[in-house]
$ cat work.cif   # mmCIF, C-alpha atoms, pLDDT in the B column; chains and numbers go by the auth columns
data_upload
#
loop_
_atom_site.group_PDB
_atom_site.id
_atom_site.type_symbol
_atom_site.label_atom_id
_atom_site.label_comp_id
_atom_site.label_asym_id
_atom_site.label_seq_id
_atom_site.Cartn_x
_atom_site.Cartn_y
_atom_site.Cartn_z
_atom_site.B_iso_or_equiv
_atom_site.auth_seq_id
_atom_site.auth_asym_id
ATOM 1 C CA MET A 1 -8.656 41.535 20.244 66.00 164 A
ATOM 2 C CA ASN A 2 -6.890 40.964 23.530 84.00 165 A
ATOM 3 C CA LEU A 3 -3.461 39.508 24.114 85.00 166 A
ATOM 4 C CA SER A 4 -4.654 36.178 25.514 86.00 167 A
ATOM 5 C CA SER A 5 -6.777 35.372 22.438 88.00 168 A
ATOM 6 C CA VAL A 6 -3.880 36.280 20.145 89.00 169 A
ATOM 7 C CA GLY A 7 -1.579 34.035 22.176 89.00 170 A
ATOM 8 C CA ALA A 8 -4.087 31.182 22.040 91.00 171 A
ATOM 9 C CA ALA A 9 -4.474 31.531 18.268 92.00 172 A
ATOM 10 C CA VAL A 10 -0.706 31.576 17.738 93.00 173 A
ATOM 11 C CA GLY A 11 -0.357 28.555 20.014 94.00 174 A
ATOM 12 C CA ARG A 12 -2.956 26.591 18.041 94.00 175 A
ATOM 13 C CA GLN A 13 -1.300 27.532 14.760 95.00 176 A
ATOM 14 C CA THR A 14 2.118 26.474 16.049 95.00 177 A
ATOM 15 C CA GLN A 15 0.687 23.182 17.309 95.00 178 A
ATOM 16 C CA GLN A 16 -0.971 22.507 13.941 95.00 179 A
ATOM 17 C CA GLN A 17 2.245 23.269 12.057 95.00 180 A
ATOM 18 C CA THR A 18 4.164 20.909 14.349 96.00 181 A
ATOM 19 C CA LEU A 19 1.605 18.137 13.825 96.00 182 A
ATOM 20 C CA ASP A 20 1.748 18.654 10.064 96.00 183 A
ATOM 21 C CA ALA A 21 5.553 18.419 10.090 96.00 184 A
ATOM 22 C CA VAL A 22 5.435 15.227 12.175 96.00 185 A
ATOM 23 C CA ASN A 23 2.826 13.680 9.864 96.00 186 A
ATOM 24 C CA VAL A 24 4.913 14.461 6.779 96.00 187 A
ATOM 25 C CA SER A 25 7.991 13.011 8.460 96.00 188 A
ATOM 26 C CA LEU A 26 6.141 9.815 9.430 96.00 189 A
ATOM 27 C CA LEU A 27 4.727 9.451 5.923 96.00 190 A
ATOM 28 C CA LYS A 28 8.177 9.810 4.366 97.00 191 A
ATOM 29 C CA GLN A 29 9.635 7.312 6.840 97.00 192 A
ATOM 30 C CA SER A 30 6.853 4.841 6.042 96.00 193 A
ATOM 31 C CA GLN A 31 7.412 5.204 2.289 96.00 194 A
ATOM 32 C CA ASP A 32 11.174 4.714 2.718 96.00 195 A
ATOM 33 C CA GLN A 33 10.565 1.558 4.765 97.00 196 A
ATOM 34 C CA GLN A 34 8.144 0.203 2.161 96.00 197 A
ATOM 35 C CA ALA A 35 10.664 0.857 -0.614 94.00 198 A
ATOM 36 C CA SER A 36 13.398 -0.868 1.385 95.00 199 A
ATOM 37 C CA ILE A 37 11.231 -3.910 2.123 95.00 200 A
ATOM 38 C CA THR A 38 10.122 -4.130 -1.497 91.00 201 A
ATOM 39 C CA ASN A 39 13.719 -3.930 -2.694 90.00 202 A
ATOM 40 C CA GLN A 40 14.783 -6.656 -0.241 92.00 203 A
ATOM 41 C CA LEU A 41 11.927 -8.862 -1.420 90.00 204 A
ATOM 42 C CA LEU A 42 12.803 -8.356 -5.081 86.00 205 A
ATOM 43 C CA GLN A 43 16.471 -9.113 -4.386 87.00 206 A
ATOM 44 C CA SER A 44 15.553 -12.311 -2.517 89.00 207 A
ATOM 45 C CA VAL A 45 13.596 -13.782 -5.433 82.00 208 A
ATOM 46 C CA ALA A 46 15.777 -16.138 -7.425 77.00 209 A
ATOM 47 C CA PRO A 47 15.581 -15.900 -11.215 73.00 210 A
ATOM 48 C CA VAL A 48 13.710 -18.738 -12.886 69.00 211 A
ATOM 49 C CA GLN A 49 14.390 -20.476 -16.135 66.00 212 A
ATOM 50 C CA ALA A 50 12.210 -19.479 -19.095 59.00 213 A
ATOM 51 C CA SER A 51 9.614 -22.016 -20.124 62.00 214 A
ATOM 52 C CA SER A 52 11.220 -22.234 -23.547 63.00 215 A
ATOM 53 C CA PRO A 53 14.934 -21.872 -24.377 63.00 216 A
ATOM 54 C CA GLU A 54 14.025 -19.645 -27.339 68.00 217 A
ATOM 55 C CA SER A 55 11.909 -17.335 -25.204 65.00 218 A
ATOM 56 C CA ALA A 56 13.442 -14.274 -23.568 63.00 219 A
ATOM 57 C CA LEU A 57 10.405 -13.984 -21.287 63.00 220 A
ATOM 58 C CA GLY A 58 11.476 -13.654 -17.686 60.00 221 A
ATOM 59 C CA GLN A 59 15.159 -13.271 -18.482 63.00 222 A
ATOM 60 C CA HIS A 60 15.397 -9.705 -17.223 68.00 223 A
ATOM 61 C CA VAL A 61 13.484 -8.153 -14.357 68.00 224 A
ATOM 62 C CA ASP A 62 14.080 -4.521 -13.442 70.00 225 A
ATOM 63 C CA VAL A 63 14.302 -4.432 -9.642 69.00 226 A
ATOM 64 C CA ARG A 64 14.716 -0.682 -9.185 71.00 227 A
ATOM 65 C CA VAL A 65 12.169 0.852 -6.826 66.00 228 A
#
$ encode --input "work.cif" --output "structure tokens"
Amino acid sequence: MNLSSVGAAVGRQTQQQTLDAVNVSLLKQSQDQQASITNQLLQSVAPVQASSPESALGQHVDVRV
């Protein structure tokens, strides 16, 4: 195996590792943005009155994401 083929293989491996790291970073950023948007949406929804005063349905909504 000559030096140029070793260099090319190492270069391809480094490039692939960099692309993998960027993809993971973008995926995490996308998930964080989705969680933030979902949390904002849940916080913006006003609570509604239950259909019956005796019913506890809809009185508590867990908004943690």
$ atom_distance --input "work.cif" --atom1 "atom CA of Asp183 of chain A" --atom2 "atom CA of Asn165 of chain A"
27.5 Å
$ atom_distance --input "work.cif" --atom1 "atom CA of Asp225 of chain A" --atom2 "atom CA of Leu190 of chain A"
25.6 Å
$ atom_distance --input "work.cif" --atom1 "atom CA of Val208 of chain A" --atom2 "atom CA of Ser193 of chain A"
22.9 Å
$ resolve_selection --input "work.cif" --expression "the PyMOL selection byres ((chain A and resi 194-206) around 10)" --output "JSON, numbers by chain"
{"A": [188, 189, 190, 191, 192, 193, 207, 208, 209, 210, 224, 225, 226, 227, 228]}
$ write_last_selection --input "work.cif" --atoms "C-alpha atoms" --output "PDB file, keeping the file's coordinate frame"
ATOM      1  CA  SER A 188       7.991  13.011   8.460  1.00 96.00           C
ATOM      2  CA  LEU A 189       6.141   9.815   9.430  1.00 96.00           C
ATOM      3  CA  LEU A 190       4.727   9.451   5.923  1.00 96.00           C
ATOM      4  CA  LYS A 191       8.177   9.810   4.366  1.00 97.00           C
ATOM      5  CA  GLN A 192       9.635   7.312   6.840  1.00 97.00           C
ATOM      6  CA  SER A 193       6.853   4.841   6.042  1.00 96.00           C
ATOM      7  CA  SER A 207      15.553 -12.311  -2.517  1.00 89.00           C
ATOM      8  CA  VAL A 208      13.596 -13.782  -5.433  1.00 82.00           C
ATOM      9  CA  ALA A 209      15.777 -16.138  -7.425  1.00 77.00           C
ATOM     10  CA  PRO A 210      15.581 -15.900 -11.215  1.00 73.00           C
ATOM     11  CA  VAL A 224      13.484  -8.153 -14.357  1.00 68.00           C
ATOM     12  CA  ASP A 225      14.080  -4.521 -13.442  1.00 70.00           C
ATOM     13  CA  VAL A 226      14.302  -4.432  -9.642  1.00 69.00           C
ATOM     14  CA  ARG A 227      14.716  -0.682  -9.185  1.00 71.00           C
ATOM     15  CA  VAL A 228      12.169   0.852  -6.826  1.00 66.00           C
TER      16      VAL A 228
END
